[in-house]
Amino acid sequence: MPVEFISAVHTDSGASGPAAASRTGFDRDHLRRYARALDDGGFDHTLVAYHSASPDAFQVAQFVATHTERVRPILAHRPGVVFPTHASRALATLDRISDGRLSVHIISGGSDEEQRREGDYLNKAERYERSDEYIQILRKVWQSDGPVSHEGRHFRFEGYYSDVKPVNGLIPISVGGSSPDAYRVGGQQGDIFGLWGEPLKETGEQIAAVNAVADAAGRPHPRIWVSFRPIIAPTDELAWEKAHRTLGVLKDQARNTELLRHYRTTGRPANVGSQRLLDIAERGEVHDRCLWTAPAVATNAAGASTALVGSPETVAQALLDYVDIGCDLLSIRGYDPLNDAIDYARHVLPLVRQELAHRAATGQAA
């Protein structure tokens, strides 16, 4: 499979930090500009994120699909909010609207506090177990030529059938996380597995853990999706100056309790992925070529929060380092989302693609 680039749409023109949609909620004109910039800029996919306080992700994904031609929405979806039979039909309908461009990213939920905002009181292990069952139901409905019944631990129904099916029979399913439960569900069920940007050594260890589960299940290895928040400028020196200005903004936002009131969770993060980012930050602020952990500390590792800092050439080489260890979906989104996406499309994507094309043409190994 080719190396592909992922961004993430933002529904609010004012948001530039971790609270991506907390200021005005939804700016239709901004979202249209953003989606078209990704389409025109050559991004392959764009994440449509999910949070209990955010605009509805299904409707945002449909908006993106109807205002673009080629970029493929990755809809973040939280099992437990929508019953899987309804979700199977809604996802298939959205896939039809997008002409087969949809993927779905299953979020089991890393924070008990955030899950309970929508009435979900399962513990983390139970949530991953539910996700496993949920994915199986989605695929069963999509592939069935007749009524489907199911009786499991979390869901039960009889005689369900949907007239609408995905364009290509199935919709690619992504799973993410950094816990053994995440590796198990991702290895057994995922077409894609998502990781946050850790150092190369730790990333390679996580890939091996997921692949081992897939091997044991007799499944192909999931494609690996790794996420960063690059900070670029014409030179490495200027990029680091920009990085420290960005860090100041993030720290100011973290102190703004009104800005983050719906997005904040208390204390040390409950999810393993955030804990890992904070532990890595304790071991050093810069890792490998240019991986910067200070933004993770400033945001309490709220989501993908490690940066790659440098010139476009430096950041492109850092991304290629991850390609070389098995990552073929590169998620890059910035702290100034729209402007950064435009800059990445102009200055980073072409460099990575040129190098990969050169390797393919010459038969050169990484």
# chains A, B, ... in the order shown; residues from 1 in each chain; ligands from 1

$ select_by_dssp --residues "segment 212-347 of chain A" --states "strand (DSSP E)" --output "PyMOL selection string"
chain A and resi 223-228+231-232+286-287+291-292+307-310+329-332

$ write_last_selection --atoms "N, CA, C and O atoms" --output "mmCIF file, in the first residue's frame"
data_model
loop_
_atom_site.group_PDB
_atom_site.id
_atom_site.type_symbol
_atom_site.label_atom_id
_atom_site.label_comp_id
_atom_site.auth_asym_id
_atom_site.auth_seq_id
_atom_site.Cartn_x
_atom_site.Cartn_y
_atom_site.Cartn_z
ATOM 1 N N ARG A 223 -2.608 -1.620 8.673
ATOM 2 C CA ARG A 223 -1.790 -0.468 8.293
ATOM 3 C C ARG A 223 -1.584 0.395 9.538
ATOM 4 O O ARG A 223 -2.494 0.547 10.360
ATOM 5 N N ILE A 224 -0.399 0.976 9.684
ATOM 6 C CA ILE A 224 -0.076 1.739 10.887
ATOM 7 C C ILE A 224 -0.187 3.230 10.603
ATOM 8 O O ILE A 224 0.441 3.766 9.684
ATOM 9 N N TRP A 225 -0.972 3.882 11.445
ATOM 10 C CA TRP A 225 -1.240 5.314 11.380
ATOM 11 C C TRP A 225 -0.543 5.971 12.575
ATOM 12 O O TRP A 225 -0.797 5.609 13.721
ATOM 13 N N VAL A 226 0.352 6.912 12.325
ATOM 14 C CA VAL A 226 1.071 7.594 13.395
ATOM 15 C C VAL A 226 0.842 9.100 13.274
ATOM 16 O O VAL A 226 0.819 9.639 12.171
ATOM 17 N N SER A 227 0.640 9.775 14.421
ATOM 18 C CA SER A 227 0.180 11.171 14.429
ATOM 19 C C SER A 227 1.187 12.111 15.085
ATOM 20 O O SER A 227 1.720 11.817 16.162
ATOM 21 N N PHE A 228 1.386 13.246 14.435
ATOM 22 C CA PHE A 228 2.281 14.296 14.934
ATOM 23 C C PHE A 228 1.647 15.671 14.737
ATOM 24 O O PHE A 228 0.729 15.838 13.939
ATOM 25 N N ILE A 231 5.858 21.430 13.468
ATOM 26 C CA ILE A 231 6.072 22.879 13.517
ATOM 27 C C ILE A 231 7.228 23.171 12.568
ATOM 28 O O ILE A 231 8.366 22.772 12.831
ATOM 29 N N ILE A 232 6.915 23.835 11.449
ATOM 30 C CA ILE A 232 7.930 24.035 10.409
ATOM 31 C C ILE A 232 8.179 25.513 10.167
ATOM 32 O O ILE A 232 7.327 26.369 10.418
ATOM 33 N N VAL A 286 13.580 16.270 23.643
ATOM 34 C CA VAL A 286 13.749 16.021 22.214
ATOM 35 C C VAL A 286 14.279 14.599 22.026
ATOM 36 O O VAL A 286 15.220 14.179 22.704
ATOM 37 N N HIS A 287 13.663 13.881 21.092
ATOM 38 C CA HIS A 287 14.051 12.496 20.819
ATOM 39 C C HIS A 287 14.300 12.324 19.326
ATOM 40 O O HIS A 287 13.697 13.003 18.487
ATOM 41 N N LEU A 291 11.747 14.942 17.367
ATOM 42 C CA LEU A 291 10.483 14.737 18.067
ATOM 43 C C LEU A 291 10.495 15.505 19.379
ATOM 44 O O LEU A 291 11.324 15.251 20.253
ATOM 45 N N TRP A 292 9.548 16.420 19.546
ATOM 46 C CA TRP A 292 9.509 17.354 20.687
ATOM 47 C C TRP A 292 8.326 17.012 21.569
ATOM 48 O O TRP A 292 7.179 16.974 21.104
ATOM 49 N N ALA A 307 5.328 16.980 18.749
ATOM 50 C CA ALA A 307 5.622 17.733 17.529
ATOM 51 C C ALA A 307 6.893 17.212 16.863
ATOM 52 O O ALA A 307 7.780 16.661 17.528
ATOM 53 N N LEU A 308 6.955 17.406 15.557
ATOM 54 C CA LEU A 308 8.205 17.299 14.810
ATOM 55 C C LEU A 308 8.598 18.720 14.444
ATOM 56 O O LEU A 308 7.813 19.436 13.812
ATOM 57 N N VAL A 309 9.796 19.149 14.835
ATOM 58 C CA VAL A 309 10.186 20.553 14.704
ATOM 59 C C VAL A 309 11.381 20.672 13.772
ATOM 60 O O VAL A 309 12.402 19.993 13.950
ATOM 61 N N GLY A 310 11.262 21.557 12.776
ATOM 62 C CA GLY A 310 12.398 21.800 11.904
ATOM 63 C C GLY A 310 11.979 22.371 10.571
ATOM 64 O O GLY A 310 10.815 22.706 10.342
ATOM 65 N N LEU A 329 0.678 5.456 7.128
ATOM 66 C CA LEU A 329 -0.323 6.513 7.201
ATOM 67 C C LEU A 329 0.221 7.576 8.148
ATOM 68 O O LEU A 329 0.377 7.332 9.347
ATOM 69 N N LEU A 330 0.551 8.734 7.604
ATOM 70 C CA LEU A 330 1.221 9.794 8.360
ATOM 71 C C LEU A 330 0.226 10.915 8.637
ATOM 72 O O LEU A 330 -0.204 11.624 7.730
ATOM 73 N N SER A 331 -0.151 11.042 9.893
ATOM 74 C CA SER A 331 -1.102 12.078 10.292
ATOM 75 C C SER A 331 -0.335 13.305 10.751
ATOM 76 O O SER A 331 0.437 13.240 11.716
ATOM 77 N N ILE A 332 -0.524 14.423 10.053
ATOM 78 C CA ILE A 332 0.145 15.668 10.426
ATOM 79 C C ILE A 332 -0.880 16.788 10.451
ATOM 80 O O ILE A 332 -1.525 17.082 9.465
#

$ residues_around --residues "Asp343 of chain A" --least-positions-apart "3" --cutoff "12 Å" --atoms "only C-alpha atoms" --output "list in words"
Ala37, Leu38, Gly41, Gly42, Phe43, Pro230, Ile231, Ile232, Ala233, Pro234, Ser311, Pro312, Ile332, Arg333, Gly334, Asp336, Pro337, Leu338, Asn339, Asp340, Arg346, His347, Val348, Leu349 and Pro350 of chain A

$ residues_around --residues "segment 111-127 of chain A" --least-positions-apart "4" --cutoff "8 Å" --atoms "only C-alpha atoms" --output "list of chain:residue names"
A:Ser52, A:Gly80, A:Val81, A:Ser131, A:Asp181, A:Thr265, A:Pro269, A:Ala270, A:Asn271

$ residues_around --residues "segment 62-72 of chain A" --least-positions-apart "3" --cutoff "10 Å" --atoms "only C-alpha atoms" --output "ChimeraX atom specification"
/A:5-7,9,28,31-48,57-59,75,93-95,97-103

$ atom_distance --atom1 "atom CA of Asp132 of chain A" --atom2 "atom CA of Ala90 of chain A"
18.9 Å

$ closest_residue --among "A:Ala298, A:Ala239, A:Asp328, A:Asp163" --to "Phe193 of chain A" --atoms "only C-alpha atoms"
A:Asp328

$ residues_around --residues "segment 208-211 of chain A" --least-positions-apart "2" --cutoff "12 Å" --atoms "only C-alpha atoms" --output "tab-separated table (two decimals) with N, CA, C and O atoms, in the first residue's frame"
chain	number	residue	atom	x	y	z
A	175	VAL	N	-8.60	1.14	14.52
A	175	VAL	CA	-8.60	1.05	15.98
A	175	VAL	C	-7.32	1.71	16.45
A	175	VAL	O	-6.29	1.67	15.76
A	176	GLY	N	-7.35	2.34	17.61
A	176	GLY	CA	-6.13	2.97	18.12
A	176	GLY	C	-5.97	2.74	19.61
A	176	GLY	O	-6.89	2.29	20.30
A	177	GLY	N	-4.78	3.04	20.10
A	177	GLY	CA	-4.52	2.93	21.53
A	177	GLY	C	-3.12	2.41	21.80
A	177	GLY	O	-2.38	2.06	20.88
A	178	SER	N	-2.79	2.34	23.08
A	178	SER	CA	-1.45	1.90	23.47
A	178	SER	C	-1.48	0.88	24.61
A	178	SER	O	-0.46	0.63	25.24
A	179	SER	N	-2.64	0.31	24.87
A	179	SER	CA	-2.76	-0.69	25.93
A	179	SER	C	-2.84	-2.08	25.34
A	179	SER	O	-3.13	-2.26	24.15
A	180	PRO	N	-2.62	-3.11	26.14
A	180	PRO	CA	-2.79	-4.49	25.63
A	180	PRO	C	-4.18	-4.73	25.06
A	180	PRO	O	-4.32	-5.45	24.07
A	181	ASP	N	-5.22	-4.14	25.67
A	181	ASP	CA	-6.57	-4.29	25.13
A	181	ASP	C	-6.67	-3.69	23.74
A	181	ASP	O	-7.32	-4.25	22.84
A	182	ALA	N	-6.04	-2.52	23.55
A	182	ALA	CA	-6.06	-1.88	22.24
A	182	ALA	C	-5.32	-2.72	21.22
A	182	ALA	O	-5.80	-2.91	20.08
A	183	TYR	N	-4.16	-3.24	21.58
A	183	TYR	CA	-3.41	-4.10	20.66
A	183	TYR	C	-4.24	-5.32	20.28
A	183	TYR	O	-4.24	-5.75	19.11
A	184	ARG	N	-4.94	-5.90	21.27
A	184	ARG	CA	-5.73	-7.11	21.00
A	184	ARG	C	-6.85	-6.82	20.00
A	184	ARG	O	-6.99	-7.53	18.99
A	185	VAL	N	-7.65	-5.78	20.28
A	185	VAL	CA	-8.77	-5.48	19.38
A	185	VAL	C	-8.25	-5.01	18.02
A	185	VAL	O	-8.75	-5.41	16.97
A	186	GLY	N	-7.20	-4.18	18.03
A	186	GLY	CA	-6.66	-3.69	16.77
A	186	GLY	C	-6.05	-4.79	15.93
A	186	GLY	O	-6.24	-4.83	14.72
A	187	GLY	N	-5.32	-5.69	16.58
A	187	GLY	CA	-4.70	-6.78	15.83
A	187	GLY	C	-5.71	-7.77	15.30
A	187	GLY	O	-5.55	-8.33	14.21
A	188	GLN	N	-6.79	-8.01	16.06
A	188	GLN	CA	-7.79	-8.99	15.66
A	188	GLN	C	-8.84	-8.42	14.71
A	188	GLN	O	-9.42	-9.16	13.92
A	189	GLN	N	-9.08	-7.09	14.78
A	189	GLN	CA	-10.21	-6.52	14.05
A	189	GLN	C	-9.84	-5.36	13.12
A	189	GLN	O	-10.58	-5.08	12.19
A	190	GLY	N	-8.74	-4.68	13.36
A	190	GLY	CA	-8.49	-3.44	12.65
A	190	GLY	C	-7.90	-3.64	11.26
A	190	GLY	O	-7.02	-4.48	11.06
A	191	ASP	N	-8.37	-2.84	10.32
A	191	ASP	CA	-7.69	-2.70	9.03
A	191	ASP	C	-6.55	-1.69	9.15
A	191	ASP	O	-5.58	-1.73	8.39
A	192	ILE	N	-6.71	-0.78	10.10
A	192	ILE	CA	-5.74	0.28	10.39
A	192	ILE	C	-5.56	0.32	11.89
A	192	ILE	O	-6.51	0.10	12.65
A	193	PHE	N	-4.33	0.64	12.35
A	193	PHE	CA	-4.11	0.82	13.79
A	193	PHE	C	-3.42	2.16	14.00
A	193	PHE	O	-2.40	2.45	13.38
A	194	GLY	N	-4.01	2.99	14.88
A	194	GLY	CA	-3.51	4.34	15.10
A	194	GLY	C	-2.66	4.47	16.35
A	194	GLY	O	-3.01	3.96	17.42
A	195	LEU	N	-1.52	5.17	16.19
A	195	LEU	CA	-0.60	5.44	17.29
A	195	LEU	C	-0.31	6.93	17.36
A	195	LEU	O	-0.30	7.62	16.35
A	201	LYS	N	11.96	3.93	18.63
A	201	LYS	CA	12.09	2.64	19.32
A	201	LYS	C	10.76	2.21	19.90
A	201	LYS	O	10.33	1.06	19.69
A	202	GLU	N	10.10	3.09	20.63
A	202	GLU	CA	8.83	2.75	21.26
A	202	GLU	C	7.74	2.50	20.22
A	202	GLU	O	6.89	1.62	20.38
A	203	THR	N	7.76	3.28	19.14
A	203	THR	CA	6.79	3.07	18.07
A	203	THR	C	6.97	1.69	17.45
A	203	THR	O	5.99	0.96	17.21
A	204	GLY	N	8.21	1.32	17.19
A	204	GLY	CA	8.48	0.00	16.63
A	204	GLY	C	8.01	-1.12	17.55
A	204	GLY	O	7.49	-2.15	17.08
A	205	GLU	N	8.17	-0.93	18.85
A	205	GLU	CA	7.71	-1.95	19.81
A	205	GLU	C	6.19	-2.09	19.78
A	205	GLU	O	5.65	-3.20	19.85
A	206	GLN	N	5.49	-0.95	19.64
A	206	GLN	CA	4.03	-1.01	19.58
A	206	GLN	C	3.56	-1.69	18.29
A	206	GLN	O	2.61	-2.49	18.30
A	213	VAL	N	-0.40	-9.89	17.51
A	213	VAL	CA	-1.80	-10.28	17.70
A	213	VAL	C	-2.42	-10.66	16.36
A	213	VAL	O	-3.14	-11.66	16.26
A	214	ALA	N	-2.16	-9.86	15.34
A	214	ALA	CA	-2.70	-10.17	14.01
A	214	ALA	C	-2.19	-11.51	13.51
A	214	ALA	O	-2.95	-12.31	12.93
A	215	ASP	N	-0.91	-11.79	13.72
A	215	ASP	CA	-0.34	-13.07	13.30
A	215	ASP	C	-1.04	-14.23	14.01
A	215	ASP	O	-1.37	-15.25	13.39
A	216	ALA	N	-1.26	-14.07	15.31
A	216	ALA	CA	-1.91	-15.13	16.08
A	216	ALA	C	-3.34	-15.37	15.62
A	216	ALA	O	-3.84	-16.49	15.69
A	217	ALA	N	-3.98	-14.31	15.14
A	217	ALA	CA	-5.36	-14.41	14.65
A	217	ALA	C	-5.43	-14.81	13.18
A	217	ALA	O	-6.54	-14.99	12.64
A	218	GLY	N	-4.27	-14.94	12.53
A	218	GLY	CA	-4.25	-15.29	11.12
A	218	GLY	C	-4.76	-14.19	10.22
A	218	GLY	O	-5.30	-14.46	9.14
A	219	ARG	N	-4.57	-12.94	10.64
A	219	ARG	CA	-5.04	-11.79	9.87
A	219	ARG	C	-3.87	-11.02	9.29
A	219	ARG	O	-2.75	-11.05	9.82
A	220	PRO	N	-4.11	-10.27	8.20
A	220	PRO	CA	-3.06	-9.37	7.71
A	220	PRO	C	-2.73	-8.32	8.75
A	220	PRO	O	-3.58	-7.93	9.56
A	221	HIS	N	-1.50	-7.84	8.73
A	221	HIS	CA	-1.12	-6.77	9.65
A	221	HIS	C	-1.90	-5.49	9.32
A	221	HIS	O	-2.03	-5.12	8.15
A	222	PRO	N	-2.45	-4.81	10.31
A	222	PRO	CA	-3.12	-3.54	10.04
A	222	PRO	C	-2.13	-2.51	9.50
A	222	PRO	O	-0.93	-2.54	9.84
A	223	ARG	N	-2.61	-1.62	8.67
A	223	ARG	CA	-1.79	-0.47	8.29
A	223	ARG	C	-1.58	0.39	9.54
A	223	ARG	O	-2.49	0.55	10.36
A	224	ILE	N	-0.40	0.98	9.68
A	224	ILE	CA	-0.08	1.74	10.89
A	224	ILE	C	-0.19	3.23	10.60
A	224	ILE	O	0.44	3.77	9.68
A	325	ILE	N	10.11	2.22	9.57
A	325	ILE	CA	9.84	1.19	10.58
A	325	ILE	C	8.44	0.61	10.45
A	325	ILE	O	8.00	-0.16	11.31
A	326	GLY	N	7.70	1.00	9.39
A	326	GLY	CA	6.43	0.34	9.14
A	326	GLY	C	5.19	1.20	9.22
A	326	GLY	O	4.07	0.67	9.19
A	327	CYS	N	5.33	2.52	9.30
A	327	CYS	CA	4.17	3.41	9.32
A	327	CYS	C	3.88	3.89	7.90
A	327	CYS	O	4.76	4.47	7.27

$ residues_around --residues "Phe155 of chain A" --least-positions-apart "2" --cutoff "9 Å" --atoms "only C-alpha atoms" --output "number ranges by chain"
A: 83-84, 130, 133-134, 150-153, 157

$ atom_distance --atom1 "atom CA of Ile107 of chain A" --atom2 "atom CA of Pro79 of chain A"
7.1 Å
